[in-house]
file data-v3.pdb (PDB, C-alpha atoms and all ligand atoms)
ATOM      1  CA  MET A   1      71.715  61.973  19.923  1.00  0.00           C
ATOM      2  CA  LYS A   2      69.482  65.090  19.747  1.00  0.00           C
ATOM      3  CA  THR A   3      66.059  65.137  21.441  1.00  0.00           C
ATOM      4  CA  ILE A   4      63.405  67.798  22.030  1.00  0.00           C
ATOM      5  CA  SER A   5      60.974  67.267  24.916  1.00  0.00           C
ATOM      6  CA  THR A   6      59.118  68.997  27.746  1.00  0.00           C
ATOM      7  CA  LEU A   7      61.224  70.957  30.247  1.00  0.00           C
ATOM      8  CA  THR A   8      60.344  69.460  33.634  1.00  0.00           C
ATOM      9  CA  ASP A   9      60.954  70.639  37.213  1.00  0.00           C
ATOM     10  CA  ASN A  10      63.904  68.218  37.417  1.00  0.00           C
ATOM     11  CA  ASP A  11      65.551  70.051  34.504  1.00  0.00           C
ATOM     12  CA  LEU A  12      65.393  73.493  36.121  1.00  0.00           C
ATOM     13  CA  PRO A  13      68.838  73.536  37.818  1.00  0.00           C
ATOM     14  CA  ASP A  14      70.616  72.670  34.526  1.00  0.00           C
ATOM     15  CA  ALA A  15      68.398  74.965  32.483  1.00  0.00           C
ATOM     16  CA  PHE A  16      68.977  77.869  34.881  1.00  0.00           C
ATOM     17  CA  GLU A  17      72.734  77.327  34.643  1.00  0.00           C
ATOM     18  CA  LEU A  18      72.390  77.524  30.865  1.00  0.00           C
ATOM     19  CA  GLU A  19      70.318  80.708  31.235  1.00  0.00           C
ATOM     20  CA  GLN A  20      73.239  82.312  33.065  1.00  0.00           C
ATOM     21  CA  GLN A  21      75.744  81.201  30.414  1.00  0.00           C
ATOM     22  CA  CYS A  22      73.629  82.453  27.526  1.00  0.00           C
ATOM     23  CA  HIS A  23      72.349  85.929  28.412  1.00  0.00           C
ATOM     24  CA  LEU A  24      74.298  89.104  29.200  1.00  0.00           C
ATOM     25  CA  ILE A  25      71.510  90.029  31.605  1.00  0.00           C
ATOM     26  CA  PRO A  26      70.040  86.661  32.676  1.00  0.00           C
ATOM     27  CA  TRP A  27      66.755  86.160  34.479  1.00  0.00           C
ATOM     28  CA  SER A  28      66.959  85.773  38.243  1.00  0.00           C
ATOM     29  CA  LYS A  29      66.463  82.280  39.643  1.00  0.00           C
ATOM     30  CA  GLN A  30      63.072  83.376  40.965  1.00  0.00           C
ATOM     31  CA  THR A  31      61.939  84.618  37.547  1.00  0.00           C
ATOM     32  CA  PHE A  32      63.234  81.483  35.816  1.00  0.00           C
ATOM     33  CA  TYR A  33      61.555  79.109  38.245  1.00  0.00           C
ATOM     34  CA  SER A  34      58.271  81.032  38.241  1.00  0.00           C
ATOM     35  CA  ASN A  35      57.932  80.865  34.446  1.00  0.00           C
ATOM     36  CA  GLN A  36      56.862  77.220  34.647  1.00  0.00           C
ATOM     37  CA  GLY A  37      53.536  75.481  35.150  1.00  0.00           C
ATOM     38  CA  ASP A  38      50.198  74.791  33.545  1.00  0.00           C
ATOM     39  CA  HIS A  39      50.100  77.873  31.326  1.00  0.00           C
ATOM     40  CA  TYR A  40      53.533  77.251  29.886  1.00  0.00           C
ATOM     41  CA  TYR A  41      54.788  75.140  27.025  1.00  0.00           C
ATOM     42  CA  ASN A  42      58.481  74.901  27.853  1.00  0.00           C
ATOM     43  CA  LEU A  43      60.857  72.687  25.906  1.00  0.00           C
ATOM     44  CA  LYS A  44      64.406  71.440  26.296  1.00  0.00           C
ATOM     45  CA  LEU A  45      66.812  70.329  23.619  1.00  0.00           C
ATOM     46  CA  THR A  46      69.336  67.709  24.668  1.00  0.00           C
ATOM     47  CA  ILE A  47      72.375  66.271  22.972  1.00  0.00           C
ATOM     48  CA  ASP A  48      73.566  62.979  24.421  1.00  0.00           C
ATOM     49  CA  ASN A  49      71.292  63.566  27.452  1.00  0.00           C
ATOM     50  CA  ARG A  50      72.781  66.992  28.225  1.00  0.00           C
ATOM     51  CA  ILE A  51      70.550  70.084  28.059  1.00  0.00           C
ATOM     52  CA  VAL A  52      72.055  72.450  25.483  1.00  0.00           C
ATOM     53  CA  GLY A  53      68.961  74.542  24.774  1.00  0.00           C
ATOM     54  CA  PHE A  54      65.540  75.491  26.063  1.00  0.00           C
ATOM     55  CA  CYS A  55      62.599  77.708  25.276  1.00  0.00           C
ATOM     56  CA  ILE A  56      60.013  79.220  27.622  1.00  0.00           C
ATOM     57  CA  CYS A  57      56.580  79.885  26.138  1.00  0.00           C
ATOM     58  CA  GLN A  58      53.455  81.084  27.951  1.00  0.00           C
ATOM     59  CA  MET A  59      49.948  80.482  26.601  1.00  0.00           C
ATOM     60  CA  VAL A  60      47.129  82.926  27.374  1.00  0.00           C
ATOM     61  CA  ALA A  61      43.739  82.483  25.658  1.00  0.00           C
ATOM     62  CA  ASP A  62      44.443  82.265  21.897  1.00  0.00           C
ATOM     63  CA  GLU A  63      47.953  83.688  22.112  1.00  0.00           C
ATOM     64  CA  ALA A  64      51.363  82.343  23.036  1.00  0.00           C
ATOM     65  CA  ASN A  65      54.396  84.362  24.098  1.00  0.00           C
ATOM     66  CA  LEU A  66      57.937  83.179  23.606  1.00  0.00           C
ATOM     67  CA  PHE A  67      59.575  84.637  26.711  1.00  0.00           C
ATOM     68  CA  ASN A  68      62.996  83.045  26.375  1.00  0.00           C
ATOM     69  CA  ILE A  69      65.116  80.844  24.138  1.00  0.00           C
ATOM     70  CA  ALA A  70      68.770  79.953  24.554  1.00  0.00           C
ATOM     71  CA  ILE A  71      71.301  77.596  23.035  1.00  0.00           C
ATOM     72  CA  HIS A  72      74.638  76.811  24.717  1.00  0.00           C
ATOM     73  CA  PRO A  73      77.389  78.948  23.111  1.00  0.00           C
ATOM     74  CA  LYS A  74      79.312  75.854  21.928  1.00  0.00           C
ATOM     75  CA  TYR A  75      76.280  74.528  20.046  1.00  0.00           C
ATOM     76  CA  ARG A  76      75.206  77.692  18.201  1.00  0.00           C
ATOM     77  CA  GLN A  77      74.818  78.110  14.421  1.00  0.00           C
ATOM     78  CA  GLN A  78      74.047  74.435  13.929  1.00  0.00           C
ATOM     79  CA  GLY A  79      70.294  74.906  13.409  1.00  0.00           C
ATOM     80  CA  LEU A  80      69.343  73.915  16.970  1.00  0.00           C
ATOM     81  CA  ALA A  81      67.297  77.021  17.843  1.00  0.00           C
ATOM     82  CA  LYS A  82      65.493  76.685  14.530  1.00  0.00           C
ATOM     83  CA  ALA A  83      64.716  73.024  15.293  1.00  0.00           C
ATOM     84  CA  LEU A  84      63.479  73.944  18.779  1.00  0.00           C
ATOM     85  CA  LEU A  85      61.203  76.725  17.501  1.00  0.00           C
ATOM     86  CA  ASN A  86      59.890  74.622  14.613  1.00  0.00           C
ATOM     87  CA  HIS A  87      59.003  71.949  17.172  1.00  0.00           C
ATOM     88  CA  LEU A  88      57.304  74.545  19.408  1.00  0.00           C
ATOM     89  CA  ILE A  89      55.313  75.938  16.456  1.00  0.00           C
ATOM     90  CA  ASP A  90      54.194  72.410  15.446  1.00  0.00           C
ATOM     91  CA  GLN A  91      53.107  71.651  19.009  1.00  0.00           C
ATOM     92  CA  LEU A  92      51.276  74.979  19.488  1.00  0.00           C
ATOM     93  CA  THR A  93      49.411  74.356  16.239  1.00  0.00           C
ATOM     94  CA  SER A  94      48.223  70.894  17.289  1.00  0.00           C
ATOM     95  CA  ILE A  95      47.998  71.269  21.100  1.00  0.00           C
ATOM     96  CA  ASP A  96      44.755  70.380  22.912  1.00  0.00           C
ATOM     97  CA  HIS A  97      44.069  73.865  24.322  1.00  0.00           C
ATOM     98  CA  PRO A  98      40.626  75.346  25.181  1.00  0.00           C
ATOM     99  CA  ILE A  99      41.004  77.922  22.378  1.00  0.00           C
ATOM    100  CA  ALA A 100      43.166  77.320  19.295  1.00  0.00           C
ATOM    101  CA  ILE A 101      46.338  79.379  19.555  1.00  0.00           C
ATOM    102  CA  SER A 102      46.530  81.795  16.646  1.00  0.00           C
ATOM    103  CA  THR A 103      49.628  83.900  17.264  1.00  0.00           C
ATOM    104  CA  LEU A 104      53.069  83.419  18.765  1.00  0.00           C
ATOM    105  CA  TRP A 105      54.482  86.728  20.033  1.00  0.00           C
ATOM    106  CA  LEU A 106      57.964  87.652  21.185  1.00  0.00           C
ATOM    107  CA  GLU A 107      60.102  90.665  21.936  1.00  0.00           C
ATOM    108  CA  VAL A 108      63.800  90.942  21.304  1.00  0.00           C
ATOM    109  CA  ARG A 109      66.550  93.496  21.857  1.00  0.00           C
ATOM    110  CA  ARG A 110      67.257  95.579  18.752  1.00  0.00           C
ATOM    111  CA  SER A 111      70.981  94.713  19.081  1.00  0.00           C
ATOM    112  CA  ASN A 112      70.346  90.928  19.117  1.00  0.00           C
ATOM    113  CA  THR A 113      71.058  90.246  15.439  1.00  0.00           C
ATOM    114  CA  PRO A 114      71.372  86.419  15.759  1.00  0.00           C
ATOM    115  CA  ALA A 115      67.934  86.177  17.398  1.00  0.00           C
ATOM    116  CA  ILE A 116      66.266  88.644  14.993  1.00  0.00           C
ATOM    117  CA  GLU A 117      67.715  86.745  11.996  1.00  0.00           C
ATOM    118  CA  LEU A 118      66.529  83.464  13.533  1.00  0.00           C
ATOM    119  CA  TYR A 119      62.976  84.785  13.945  1.00  0.00           C
ATOM    120  CA  HIS A 120      62.895  86.224  10.405  1.00  0.00           C
ATOM    121  CA  SER A 121      64.166  82.930   9.003  1.00  0.00           C
ATOM    122  CA  LEU A 122      61.189  81.169  10.607  1.00  0.00           C
ATOM    123  CA  GLY A 123      58.602  83.640   9.272  1.00  0.00           C
ATOM    124  CA  PHE A 124      58.089  86.014  12.211  1.00  0.00           C
ATOM    125  CA  ASN A 125      57.178  89.588  11.238  1.00  0.00           C
ATOM    126  CA  GLN A 126      58.074  92.802  13.035  1.00  0.00           C
ATOM    127  CA  ILE A 127      54.893  94.374  14.443  1.00  0.00           C
ATOM    128  CA  THR A 128      56.107  97.359  16.439  1.00  0.00           C
ATOM    129  CA  VAL A 129      58.952  98.786  18.536  1.00  0.00           C
ATOM    130  CA  ARG A 130      59.009  99.609  22.268  1.00  0.00           C
ATOM    131  CA  LYS A 131      61.470 102.464  22.586  1.00  0.00           C
ATOM    132  CA  ASN A 132      64.155 102.193  25.292  1.00  0.00           C
ATOM    133  CA  TYR A 133      62.485  99.141  26.800  1.00  0.00           C
ATOM    134  CA  TYR A 134      65.428  96.983  27.887  1.00  0.00           C
ATOM    135  CA  PRO A 135      68.164  98.032  30.326  1.00  0.00           C
ATOM    136  CA  THR A 136      71.699  97.518  28.977  1.00  0.00           C
ATOM    137  CA  THR A 137      74.929  96.576  30.765  1.00  0.00           C
ATOM    138  CA  ASN A 138      76.217 100.183  30.468  1.00  0.00           C
ATOM    139  CA  GLY A 139      73.283 101.641  32.379  1.00  0.00           C
ATOM    140  CA  LYS A 140      71.413 102.833  29.267  1.00  0.00           C
ATOM    141  CA  HIS A 141      68.380 101.394  27.497  1.00  0.00           C
ATOM    142  CA  GLU A 142      67.673  99.858  24.104  1.00  0.00           C
ATOM    143  CA  ASP A 143      64.569  99.255  22.000  1.00  0.00           C
ATOM    144  CA  ALA A 144      62.520  96.067  22.017  1.00  0.00           C
ATOM    145  CA  ILE A 145      61.361  94.754  18.636  1.00  0.00           C
ATOM    146  CA  ILE A 146      57.949  93.084  18.915  1.00  0.00           C
ATOM    147  CA  MET A 147      57.474  90.223  16.452  1.00  0.00           C
ATOM    148  CA  ALA A 148      54.634  87.807  15.728  1.00  0.00           C
ATOM    149  CA  TYR A 149      54.119  84.507  13.922  1.00  0.00           C
ATOM    150  CA  THR A 150      50.652  83.552  12.694  1.00  0.00           C
ATOM    151  CA  LEU A 151      50.130  79.912  13.656  1.00  0.00           C
ATOM    152  CA  THR A 152      46.875  79.386  11.817  1.00  0.00           C
ATOM    153  CA  LEU A 153      48.667  79.904   8.504  1.00  0.00           C
ATOM    154  CA  SER A 154      51.321  77.281   9.244  1.00  0.00           C
TER     155      SER A 154
HETATM  156  C1  LIG B   1      69.651  83.405  19.294  1.00  0.00           C
HETATM  157  C2  LIG B   1      70.099  81.954  19.509  1.00  0.00           C
HETATM  158  C3  LIG B   1      69.016  81.235  20.319  1.00  0.00           C
HETATM  159  C4  LIG B   1      70.249  81.294  18.111  1.00  0.00           C
HETATM  160  O1  LIG B   1      70.579  79.923  18.328  1.00  0.00           O
HETATM  161  P1  LIG B   1      71.310  79.025  17.224  1.00  0.00           P
HETATM  162  O2  LIG B   1      71.079  77.600  17.567  1.00  0.00           O
HETATM  163  O3  LIG B   1      72.701  79.479  17.047  1.00  0.00           O
HETATM  164  O4  LIG B   1      70.472  79.404  15.896  1.00  0.00           O
HETATM  165  P2  LIG B   1      70.363  78.471  14.596  1.00  0.00           P
HETATM  166  O5  LIG B   1      71.668  77.793  14.350  1.00  0.00           O
HETATM  167  O6  LIG B   1      69.147  77.627  14.684  1.00  0.00           O
HETATM  168  O7  LIG B   1      70.184  79.571  13.472  1.00  0.00           O
HETATM  169  C5  LIG B   1      69.005  79.708  12.721  1.00  0.00           C
HETATM  170  C6  LIG B   1      69.071  81.011  11.933  1.00  0.00           C
HETATM  171  O8  LIG B   1      69.278  82.117  12.819  1.00  0.00           O
HETATM  172  C7  LIG B   1      70.157  83.075  12.227  1.00  0.00           C
HETATM  173  N1  LIG B   1      71.380  83.168  13.038  1.00  0.00           N
HETATM  174  C8  LIG B   1      71.765  82.362  14.069  1.00  0.00           C
HETATM  175  N2  LIG B   1      72.915  82.816  14.587  1.00  0.00           N
HETATM  176  C9  LIG B   1      73.264  83.913  13.885  1.00  0.00           C
HETATM  177  C10 LIG B   1      74.343  84.833  13.953  1.00  0.00           C
HETATM  178  N3  LIG B   1      75.322  84.702  14.885  1.00  0.00           N
HETATM  179  N4  LIG B   1      74.372  85.869  13.085  1.00  0.00           N
HETATM  180  C11 LIG B   1      73.386  86.036  12.155  1.00  0.00           C
HETATM  181  N5  LIG B   1      72.329  85.184  12.029  1.00  0.00           N
HETATM  182  C12 LIG B   1      72.283  84.143  12.894  1.00  0.00           C
HETATM  183  C13 LIG B   1      70.441  82.573  10.833  1.00  0.00           C
HETATM  184  O9  LIG B   1      69.431  83.127   9.972  1.00  0.00           O
HETATM  185  C14 LIG B   1      70.239  81.082  10.984  1.00  0.00           C
HETATM  186  O10 LIG B   1      69.872  80.474   9.770  1.00  0.00           O
HETATM  187  P3  LIG B   1      71.012  79.874   8.800  1.00  0.00           P
HETATM  188  O11 LIG B   1      71.840  78.947   9.673  1.00  0.00           O
HETATM  189  O12 LIG B   1      70.227  79.161   7.766  1.00  0.00           O
HETATM  190  O13 LIG B   1      71.785  81.047   8.318  1.00  0.00           O
HETATM  191  C15 LIG B   1      71.480  81.874  20.226  1.00  0.00           C
HETATM  192  O14 LIG B   1      72.376  82.730  19.566  1.00  0.00           O
HETATM  193  C16 LIG B   1      71.430  82.226  21.706  1.00  0.00           C
HETATM  194  O15 LIG B   1      71.189  81.382  22.559  1.00  0.00           O
HETATM  195  N6  LIG B   1      71.675  83.514  22.023  1.00  0.00           N
HETATM  196  C17 LIG B   1      71.680  83.957  23.435  1.00  0.00           C
HETATM  197  C18 LIG B   1      70.289  83.995  24.025  1.00  0.00           C
HETATM  198  C19 LIG B   1      69.377  84.911  23.221  1.00  0.00           C
HETATM  199  O16 LIG B   1      69.770  85.988  22.782  1.00  0.00           O
HETATM  200  N7  LIG B   1      68.106  84.482  23.044  1.00  0.00           N
HETATM  201  C20 LIG B   1      67.111  85.223  22.268  1.00  0.00           C
HETATM  202  C21 LIG B   1      66.459  86.305  22.990  1.00  0.00           C
HETATM  203  S1  LIG B   1      65.442  85.777  24.340  1.00  0.00           S
END

call {"tool": "encode", "arguments": {"input": "data-v3.pdb", "output": "structure tokens"}}
result
Amino acid sequence: MKTISTLTDNDLPDAFELEQQCHLIPWSKQTFYSNQGDHYYNLKLTIDNRIVGFCICQMVADEANLFNIAIHPKYRQQGLAKALLNHLIDQLTSIDHPIAISTLWLEVRRSNTPAIELYHSLGFNQITVRKNYYPTTNGKHEDAIIMAYTLTLS
């Protein structure tokens, strides 16, 4: 059975393991564990009680930033990331927050076609490009694509 719910402190060891399986250059444990708390809206996706996906989203004033999303390699291309982000967007639209959240921002590596296609399929638009922003595994750098989703129109 598939469920989507809040990522809690108890979930962090499993979620961090998934982080390491999913990204070529994963976050450090310190970065992963520090991107939690009151200003975050972090979700997990489980299948049969096992965490197979998560997203990390920070809220600041009327904006939210999707810092991270990952789905276990064996569970990709089954619509799970789309389900997770649709859930996040629904929650951000209806959340009891001091100021209504108007925009969900993210940045993604130019080479990350699956993620860019995912974001386009949900209605994110490219806003700008940060040249040579991300380090790569071969010691070079690649561009970051900055994208945004307007929540008030959803
Ligand atoms: C990006 C990622 C989260 C997508 O997860 P997923 O569950 O496979 O995505 P979904 O099955 O929900 O796909 C939704 C849409 O994304 C696009 N997409 C997903 N995988 C794709 C691929 N390999 N190639 C092209 N488009 C792809 C498609 O448009 C798809 O819609 P469709 O199924 O109707 O064609 C997953 O590949 C992943 O975890 N990658 C590693 C971590 C990462 O790069 N995170 C993003 C940057 S922080």

call {"tool": "residues_near_point", "arguments": {"input": "data-v3.pdb", "point": "(78.9, 80.9, 20.9)", "cutoff": "12 Å", "atoms": "only C-alpha atoms", "output": "PyMOL selection string"}}
result
chain A and resi 21-23+52+70-78+114

call {"tool": "residues_near_ligand", "arguments": {"input": "data-v3.pdb", "ligand": "ligand LIG 1 (chain B)", "cutoff": "10 Å", "atoms": "only C-alpha atoms and all ligand atoms", "output": "PyMOL selection string"}}
result
chain A and resi 18-26+52-56+66-86+106-109+111-122

call {"tool": "closest_residue", "arguments": {"input": "data-v3.pdb", "among": "A:Ile127, A:Leu88, A:Leu151, A:Ile51", "to": "Ala100 (chain A)", "atoms": "only C-alpha atoms"}}
result
A:Leu151

call {"tool": "resolve_selection", "arguments": {"input": "data-v3.pdb", "expression": "the PyMOL selection byres (((chain A and resi 125) around 6) and not hetatm)", "output": "MDAnalysis selection string"}}
result
chainID A and resid 124 126 147:148

call {"tool": "resolve_selection", "arguments": {"input": "data-v3.pdb", "expression": "the PyMOL selection byres (((chain A and resi 150) around 6) and not hetatm)", "output": "PyMOL selection string"}}
result
chain A and resi 102-103+149+151-153

call {"tool": "write_last_selection", "arguments": {"input": "data-v3.pdb", "atoms": "C-alpha atoms", "output": "mmCIF file, keeping the file's coordinate frame"}}
result
data_model
loop_
_atom_site.group_PDB
_atom_site.id
_atom_site.type_symbol
_atom_site.label_atom_id
_atom_site.label_comp_id
_atom_site.auth_asym_id
_atom_site.auth_seq_id
_atom_site.Cartn_x
_atom_site.Cartn_y
_atom_site.Cartn_z
ATOM 1 C CA SER A 102 46.530 81.795 16.646
ATOM 2 C CA THR A 103 49.628 83.900 17.264
ATOM 3 C CA TYR A 149 54.119 84.507 13.922
ATOM 4 C CA LEU A 151 50.130 79.912 13.656
ATOM 5 C CA THR A 152 46.875 79.386 11.817
ATOM 6 C CA LEU A 153 48.667 79.904 8.504
#

call {"tool": "atom_distance", "arguments": {"input": "data-v3.pdb", "atom1": "CA of Ser5 (chain A)", "atom2": "CA of Gln91 (chain A)"}}
result
10.8 Å

call {"tool": "resolve_selection", "arguments": {"input": "data-v3.pdb", "expression": "the PyMOL selection byres (((chain A and resi 38-41) around 6) and not hetatm)", "output": "list in words"}}
result
Gln36, Gly37, Asn42, Cys57, Gln58 and Met59 of chain A

call {"tool": "atom_distance", "arguments": {"input": "data-v3.pdb", "atom1": "CA of Thr6 (chain A)", "atom2": "CA of Leu45 (chain A)"}}
result
8.8 Å

call {"tool": "closest_residue", "arguments": {"input": "data-v3.pdb", "among": "A:Trp27, A:Phe32, A:Asp90, A:His97", "to": "Ala61 (chain A)", "atoms": "only C-alpha atoms"}}
result
A:His97

call {"tool": "closest_residue", "arguments": {"input": "data-v3.pdb", "among": "A:Ile145, A:Ala64, A:Ala15, A:Val129", "to": "Arg50 (chain A)", "atoms": "all atoms listed in the file"}}
result
A:Ala15

call {"tool": "atom_distance", "arguments": {"input": "data-v3.pdb", "atom1": "CA of Phe16 (chain A)", "atom2": "CA of Tyr33 (chain A)"}}
result
8.2 Å

call {"tool": "closest_residue", "arguments": {"input": "data-v3.pdb", "among": "A:Leu12, A:Glu142, A:Ile95, A:Glu63", "to": "Gln30 (chain A)", "atoms": "all atoms listed in the file"}}
result
A:Leu12

call {"tool": "residues_around", "arguments": {"input": "data-v3.pdb", "residues": "Thr3 (chain A)", "least_positions_apart": "2", "cutoff": "9 Å", "atoms": "all atoms listed in the file", "output": "ChimeraX atom specification"}}
result
/A:1,5,44-49

call {"tool": "axis_aligned_box", "arguments": {"input": "data-v3.pdb", "around": "region 139-152 of chain A", "padding_each_side": "5 Å", "output": "AutoDock Vina command-line options"}}
result
--center_x 60.1 --center_y 91.1 --center_z 22.1 --size_x 36.4 --size_y 33.4 --size_z 30.6
